[in-house]
Structure formats: C-alpha cells, structure tokens
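What follows is a single structure, written as structure tokens, with notes after it.
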Amino acid sequence: MSEAAIPRPSVVPFLLGDLLLLAVAGGIVYQSEWPLSTANMALCTAAVAAGAWLLVTPFILQHRAAMKLAEADALRSTVAQIQNLEQIKQQIAEATGNWMNIQGECARTVQTAREVADSMAAEARAFTDFLRQANDTEKATLRLEADKLRRQEQDWLQVTVRLLDQVFALYLAACQSGQPHLVEQIGIFQGVCRDLARRVGLNAFAPEPGAAFDSQMHQAHQASGPVAAGAVVQQVLAPGYTYQGRVLRPALVQVAGGAPAGKAEAAGGEGGTGAGEKPAQPDLPI
C-alpha cells in the first residue's frame, strides 16, 4: 500500500481551532488577575484540552483511512486468487474435453473430473457473490465515514461561531467599560480571531446602522411577523456568519420603521431602544 494513496484530511481547520482555543486560554490568563481563580483555571484547562483533542483528530482520521485501504488491498488479493481459480477451472475443462475421447475405464474418471469442475465453479460463484456483498459493505462504511466528517465539520463550525460570539460579547463589555486601552486590546483580539476563522471560509458580517433591512442577511429582534418594506437597521445585537459563500447565520439586528406598531410599543415598554433614541451599544467594526 503506497503512502501517497492514503487520504490525508486537512489539518488546517483543526490547527486553527487549536490555535483559537489556545488564544482564548491566553486571553483568559492575560485578562485575569493573579492568582487565577478556580473558574478561570478550569476554563484555561478546558480550552487547552479541547485544543489538544483537535490537534490529534486528523491523525486519528488518517489512521482509520489507512486501515480501510489495507482492507481494500486484502480484498484485491482475494480477487487475484479467484482469478487463479478460474484459470485452473479452464485447464480442468480442457482436460475433461480430452478425456471424453477415452472409452472404457476412463469414463468414470471423466465423470468425476466433471463433477469436480462443477463444484469449483459453484464455489467460485459463491465466493464472487461474497466479494460483491463485501464491496457493498465497504461502500456503505465509506459513506458513513463521510457523514461523520460532515458532522464533525458542523460541530467545529458551531464551536467556532460560539467562540466568536463570546469574543464579540467581550468587545461589547469593553466598550461599555469606558476604558479605551481595554477596548483597543479586545478589538485587536477580536480581529485576530475573525481573521483566523476567515482563512477557513468562516466570515463574520454586520450591517451598518441605517442600512436597509435585508431578510436574507438579517434577522429582526422580537419581530412578530415579516418586517415592513423600508425598514432600516437601528442596532446590531449579534453579527452574522457566512461559510464558504453561504449564510450560516443571519445577523441579529433591531430595526426601525419596519416592525408592527403594537410590537414596537411592547418592546419600548420593556426597556428596549426606541426609534428616536441612541442605541445602547456602539457600532461594531467587522
């Protein structure tokens, strides 16, 4: 079995996830006061352990693929042996044709050889059917492995999106703290995290306040029905994400001029931001 024939899963997503988890652990250590609290130490330990698991996952997948290829080589060797049996069968058939010309005592030998040839043919057909069933089983196993890889991709996408959401929440908290230096540091950290995610096709986006509401890219917060035409984005509550050109999650926004009147009054009575008020959260760069 050639080393080049072994499928090698891309380690870039797993490496990026590992670096992101290590960056989160480093951010916790950097932002926390010493000595670290039990909760912060637990978070750092969980991030490092998850990063280690992501780092070894592609090698585990590669090992499983190598085992599957080894099984395929064994099946090919068995097919070659079956082909040799077919050649032996042909030789016996030729010998049987010659023996049919012999009379007398050779008749019993000819009959016996014919029975042997028929028995071998039946065994060959049975073994060929077994190989066909084994091939179908292997294909089903490969489809199952492909489904597992797709599920794993969805899992790490969900984890990465949740981590980016947490970084976004940290940035909002820094903006509300009124400390420019902290806002700058968290903003740089958020930019690095999003740049790492962008390298594997995961992009964060958020509309500018005052932009027209797009139902394909935006989701209205606390809207009881379709947003009316002409509504504009008043405030970004959570960024949206696209993965390899398709919308993974729309941006959660608060709209002005588009929600039904009864719903807008209810939201205002609960302490929400009105149409004429300044948004409580600052504009977020993407």
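In the structure tokens, chains take the letters A, B, ... in the order shown, each chain's residues start at 1, and ligands count up from 1 in the order shown.
Those residues that approach Arg246 in chain A to within 12 Å, counting only C-alpha atoms, are Gly201, Leu202, Asn203, Ala204, Gln216, Met217, Gly240, Tyr241, Thr242 and Pro250 of chain A; same-chain residues fewer than 4 positions away are not listed.
Shell of Ala49 in chain A at 12 Å, with only C-alpha atoms counted and residues fewer than 3 places along the chain excluded, is A:Gly17, A:Asp18, A:Leu19, A:Leu21, A:Leu22, A:Ala25, A:Ala42, A:Leu43, A:Cys44, A:Thr45, A:Ala46, A:Ala52, A:Trp53, A:Leu54, A:Leu55, A:Val56.
Counting only C-alpha atoms, Glu153 in chain A has the following residues at most 9 Å away, ignoring those fewer than 5 positions along the same chain: Pro13, Lys148 and Gln158 of chain A.
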With all heavy atoms kept, could you save the residues just selected as a CSV table (one decimal), in the first residue's frame?
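New file result-v6.csv:
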```
chain,number,residue,atom,x,y,z
A,13,PRO,N,-8.1,23.2,9.4
A,13,PRO,CA,-9.2,23.6,10.3
A,13,PRO,C,-9.0,23.2,11.8
A,13,PRO,O,-9.3,23.9,12.7
A,13,PRO,CB,-10.4,22.8,9.7
A,13,PRO,CG,-10.1,22.6,8.3
A,13,PRO,CD,-8.6,22.4,8.4
A,148,LYS,N,-19.8,11.2,8.9
A,148,LYS,CA,-19.1,11.6,10.2
A,148,LYS,C,-18.3,12.8,10.0
A,148,LYS,O,-18.3,13.7,10.9
A,148,LYS,CB,-18.3,10.4,10.7
A,148,LYS,CG,-19.1,9.2,11.3
A,148,LYS,CD,-18.2,8.1,11.8
A,148,LYS,CE,-19.0,7.0,12.4
A,148,LYS,NZ,-18.2,5.9,12.9
A,158,GLN,N,-20.0,25.1,14.7
A,158,GLN,CA,-20.7,25.6,15.9
A,158,GLN,C,-19.9,26.1,17.0
A,158,GLN,O,-20.1,27.2,17.6
A,158,GLN,CB,-21.7,24.5,16.4
A,158,GLN,CG,-22.8,24.2,15.4
A,158,GLN,CD,-23.7,23.1,15.9
A,158,GLN,OE1,-23.5,22.6,17.0
A,158,GLN,NE2,-24.6,22.6,15.0
```
* Asked: Where in range 176-233 of chain A does DSSP assign helix (DSSP H, G or I), given as a list in words?
  -> Gln176, Ser177, Pro180, His181, Leu182, Val183, Glu184, Gln185, Ile186, Gly187, Ile188, Phe189, Gln190, Gly191, Val192, Cys193, Arg194, Asp195, Leu196, Ala197 and Arg198 of chain A
* To do: Enumerate as a PyMOL selection string all residues of range 84-274 of chain A assigned to strand (DSSP E) by DSSP on the backbone, naming them with the chain letters and numbers the document uses.
  => chain A and resi 202-205+218-220+232-238+240-243+246-249+251-256
* Asked: CA of Glu208 in chain A to CA of Leu172 in chain A: how many Å, to one decimal?
  -> 15.9 Å
Using only C-alpha atoms, what table do you get, as CSV, when you list each residue of range 5-82 of chain A with an atom no more than 12 Å from range 175-185 of chain A, its nearest pair of atoms, and their distance in Å rounded to one decimal, rows by chain then rising number?
```
residue,atom,partner,partner_atom,distance
A:Gly27,CA,A:Gln185,CA,10.2
A:Tyr30,CA,A:Gln185,CA,10.8
A:Gln31,CA,A:Leu182,CA,9.6
```
* Which residue out of A:Val247, A:Ala197, A:Asp118, A:Tyr171 has the minimum interatomic distance to His218 in chain A when only C-alpha atoms are used? -> A:Val247
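When CA of Arg143 in chain A is paired with CA of Ala80 in chain A, their separation reads 25.9 Å.
Distance annotation: of A:Val29, A:Asp129, A:Ala146, A:Gln190, the residue with the minimal separation from Ala65 in chain A is A:Ala146; atom set is only C-alpha atoms.
Pairwise distance (CA of Thr141 in chain A, CA of Thr57 in chain A) equals 19.0 Å.
Nearest residue to Phe213 in chain A among A:Gln254, A:Thr160, A:Gln62, A:Gln244 is A:Gln254, counting only C-alpha atoms.
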* Asked: Excluding same-chain residues fewer than 3 positions from Val167 in chain A, what lies within 10 Å of it counting only C-alpha atoms, as a VMD selection string?
  -> chain A and resid 24 27 161 to 164 170 to 173 186 to 187 189 to 191 193 to 194
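Proximity to Phe168 in chain A was assessed for A:Gly210, A:Asn84, A:Val236, A:Ala231 counting only C-alpha atoms; the smallest distance is recorded for A:Val236.
Residue nearest Leu85 in chain A, chosen from A:Val253, A:Ala117, A:Val48, A:Ala228 and counting only C-alpha atoms: A:Ala117.
Shortest atom-to-atom contact with Ala126 in chain A among A:Ala72, A:Asn40, A:Gln222, A:Ile82: A:Ile82, counting only C-alpha atoms.
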* Could you name the residues that touch Ala113 in chain A at 9 Å or less, counting only C-alpha atoms, but leaving out those on the same chain fewer than 6 positions away, as a PyMOL selection string? -> chain A and resi 92-93+95-96
